Protein chains: 2
Amino acid sequence: MNQRVNPLANIRVVLCRPIYGGNVGSICRVMANMGLADLVLVSPVKIDWQDAQKMACAAQEILAARRETSSLEEALADCVLVAGTTARMGLYRQHSASPRETAPLVLEAAARGKAALLFGPEDNGLDNTELALCNRLIQIPSTGEYRSLNISHAVMICAYEIFLASGVFEAVGEKSPQADTRTKEQMFKMWEKALLEIGFMGPDKAQHMMLGVRRIFARGAFSADDVRILMGIARQASWCAGQSAGKAEKE
Amino acid sequence: MNQRVNPLANIRVVLCRPIYGGNVGSICRVMANMGLADLVLVSPVKIDWQDAQKMACAAQEILAARRETSSLEEALADCVLVAGTTARMGLYRQHSASPRETAPLVLEAAARGKAALLFGPEDNGLDNTELALCNRLIQIPSTGEYRSLNISHAVMICAYEIFLASGVFEAVGEKSPQADTRTKEQMFKMWEKALLEIGFMGPDKAQHMMLGVRRIFARGAFSADDVRILMGIARQASWCAGQSAGKAEKE
């Protein structure tokens, strides 16, 4: 096994008898967003390819590279795992799992060979003969009131869970480090000084008022940048108070 | 605080200067799927309402109940928390978190008051003055190659994470209970008997072959229903072997 294989490259999105070009295009965009590229359409009905291109936006490459087959068996022939989606429940759909539960299994399979995510037609979903080809069934969480997702949103949920589970994505975290206690205490001292100097509080109320200020500022984690801004405000308020005091003395 | 409040009912989807009716309609469907209902459009540009109705499918009620405001401030006035989405990074976007991290905070706020999920226009997203009104920023995970999600898919990811975090959804698990060891051992005995009787293996190879059969069947968890099916196969094979033996004796 090649350790460097990217499992996302081994994941195929299979649309069984899709109807709407807009949905096919939307799905291409979703795939590009989530790092997938292999799209197969099984017996597409009467796709409006202009709609597809419009909704694919910058994912034209995936749309153009799509393959079409006349049978589902052909689309799945080389797959080691097939995960089919279903909104309905029934005798042969009871063992379905959530996208979050299924994602690691799909990735595990995709590390060894091709894995397929199978989606049925927009109107009726997969039928029982099509479900029979699935090793896994995925049921996407939804309210009981309106269970049926648009197909591109169903693809998004599955692709999103797999993309997250793949660990490829690294969140762009806060660039400025968290401020430490010493820095924050310096800031509070500067604020206390400034609030006294601008006459917001008298020395007798300072301790009490500063507890209030601390409470307000304690609600969020401060980055070093945040603390720099807050120190700047205190410094400027102190400067301003000094100016007006000097002016008052001159007058 | 009313303990019985459904936080999902307190979550508002705010679309700032949306452009495409199809997207607005798709968002209504997404909201219905994920248990949300409160939609506000801020200064919609030139919405094609027919497109919106078409894509809303069975979520016409949410579309019809939408409100429109001419300013973002008005749309957010009564909200205790505003979580804005952004695809771009920049000085004022560094402290963004993922939808999964943000979902519990949104629900917590929605237990106390209105909480808004804010989405910018399809072309450029939220600008800095709009971002300034947000308490939280959400960055949706995506590949570096194609970061920009269709707005309805961005709404879906956020709504899906909140819906899951709300705990409202109960997965329809396997209805048939897991089979226990005793039942499974009975099944293996029946298979061993049947495989001997149909002549699949001789008594000298039985133990070895049954290890192979056990290995195959060990790969998945069996429900009680599964075991009943497998026992039925063995029983029928034994019956069939008896029939053909009887027939051979007669001949």
# chains A, B, ... in the order shown; residues from 1 in each chain; ligands from 1

$ interface_residues --of "chain B" --to "chain A" --cutoff "8 Å" --atoms "only C-alpha atoms" --output "compact mmCIF listing (two decimals) with C-alpha atoms, in the first residue's frame"
# COMPACT_ATOMS: atom_id res chain seq x y z
CA SER B 26 -32.64 26.62 -1.81
CA ARG B 29 -35.46 24.23 1.81
CA VAL B 30 -32.21 23.83 3.76
CA ALA B 32 -36.84 23.40 6.63
CA ASN B 33 -34.60 20.31 6.49
CA MET B 34 -32.66 21.51 9.53
CA GLY B 35 -35.49 22.85 11.70
CA ALA B 58 -41.88 22.03 0.01
CA GLN B 94 -8.46 35.95 11.88
CA HIS B 95 -10.49 34.97 14.90
CA SER B 96 -12.94 32.87 12.90
CA ALA B 97 -13.89 29.38 14.11
CA SER B 98 -15.38 26.36 12.39
CA PRO B 141 -13.70 24.25 5.97
CA SER B 142 -12.85 23.85 2.28
CA THR B 143 -9.90 23.08 0.07
CA GLU B 145 -8.06 25.34 -4.32
CA TYR B 146 -11.72 26.38 -4.24
CA ARG B 147 -12.76 28.10 -1.09
CA SER B 148 -15.97 29.78 -2.20
CA LEU B 149 -19.11 27.78 -1.44
CA ASN B 150 -22.48 28.43 -2.99
CA HIS B 153 -24.36 25.16 0.79
CA MET B 156 -26.52 24.04 4.95
CA ILE B 157 -23.19 23.37 6.69
CA TYR B 160 -26.53 21.07 9.86
CA PHE B 163 -29.15 20.92 14.12
CA LEU B 164 -26.83 18.08 15.16
CA PHE B 169 -32.28 14.55 15.83
CA ALA B 171 -30.97 8.59 14.37
CA VAL B 172 -33.22 5.78 13.23
CA GLY B 173 -30.93 3.02 14.35
CA GLU B 174 -31.04 -0.64 13.48
CA LYS B 175 -34.47 -1.84 14.56

$ select_by_dssp --residues "stretch 69-242 of chain B" --states "helix (DSSP H, G or I)" --output "PyMOL selection string"
chain B and resi 72-76+91-93+99-110+128-131+151-166+181-197+206-217+224-242

$ atom_distance --atom1 "atom CA of B:Thr183" --atom2 "atom CA of B:Gly232"
13.0 Å

$ residues_around --residues "B:Gln186" --least-positions-apart "2" --cutoff "12 Å" --atoms "only C-alpha atoms" --output "list in words"
Ala179, Asp180, Thr181, Arg182, Thr183, Lys184, Phe188, Lys189, Met190, Trp191, Glu192, Lys193, Val227, Arg228, Leu230, Met231, Gly232, Ala234 and Arg235 of chain B

$ residues_around --residues "A:Leu196" --least-positions-apart "5" --cutoff "12 Å" --atoms "only C-alpha atoms" --output "mmCIF file with C-alpha atoms, in the first residue's frame"
data_model
loop_
_atom_site.group_PDB
_atom_site.id
_atom_site.type_symbol
_atom_site.label_atom_id
_atom_site.label_comp_id
_atom_site.auth_asym_id
_atom_site.auth_seq_id
_atom_site.Cartn_x
_atom_site.Cartn_y
_atom_site.Cartn_z
ATOM 1 C CA LYS A 189 -3.125 48.714 35.490
ATOM 2 C CA MET A 190 -3.028 51.076 32.515
ATOM 3 C CA TRP A 191 -6.831 51.130 32.403
ATOM 4 C CA MET A 201 -13.978 57.005 38.949
ATOM 5 C CA GLY A 202 -12.505 58.328 42.161
ATOM 6 C CA PRO A 203 -9.758 56.452 44.091
ATOM 7 C CA ASP A 204 -12.319 55.246 46.660
ATOM 8 C CA LYS A 205 -14.343 53.451 43.966
ATOM 9 C CA ALA A 206 -11.377 52.238 41.901
ATOM 10 C CA GLN A 207 -11.170 48.696 43.233
ATOM 11 C CA MET A 209 -15.098 49.625 39.385
ATOM 12 C CA MET A 210 -12.086 47.662 38.196
ATOM 13 C CA ALA A 234 -5.663 53.548 28.052
ATOM 14 C CA ALA A 237 -6.897 58.421 27.589
ATOM 15 C CA SER A 238 -4.131 59.096 30.134
ATOM 16 C CA ALA A 241 -6.358 63.585 30.736
ATOM 17 C CA GLY A 242 -2.846 65.032 31.221
#

$ atom_distance --atom1 "atom CA of A:Val106" --atom2 "atom CA of B:Ile216"
19.9 Å

$ residues_around --residues "B:Cys240" --least-positions-apart "6" --cutoff "12 Å" --atoms "only C-alpha atoms" --output "PyMOL selection string"
chain B and resi 194-195+197-199+233-234+246-247

$ residues_around --residues "A:Gly120" --least-positions-apart "2" --cutoff "10 Å" --atoms "only C-alpha atoms" --output "list in words"
Val14, Leu15, Cys16, Arg17, Pro18, Val42, Gly84, Thr85, Thr86, Leu118, Glu122, Asp123, Asn124, Gly125, Leu126, Asp127, Glu130, Leu131 and Ile151 of chain A

$ residues_around --residues "A:Glu68" --least-positions-apart "2" --cutoff "7 Å" --atoms "only C-alpha atoms" --output "list in words"
Val40, Leu41, Val42, Ser43, Arg66 and Ser70 of chain A

$ atom_distance --atom1 "atom CA of A:Gly21" --atom2 "atom CA of A:Ala52"
4.3 Å

$ select_by_dssp --residues "stretch 4-185 of chain B" --states "strand (DSSP E)" --output "VMD selection string"
chain B and resid 11 to 16 38 to 42 67 to 69 79 to 85 114 to 119 136 to 138
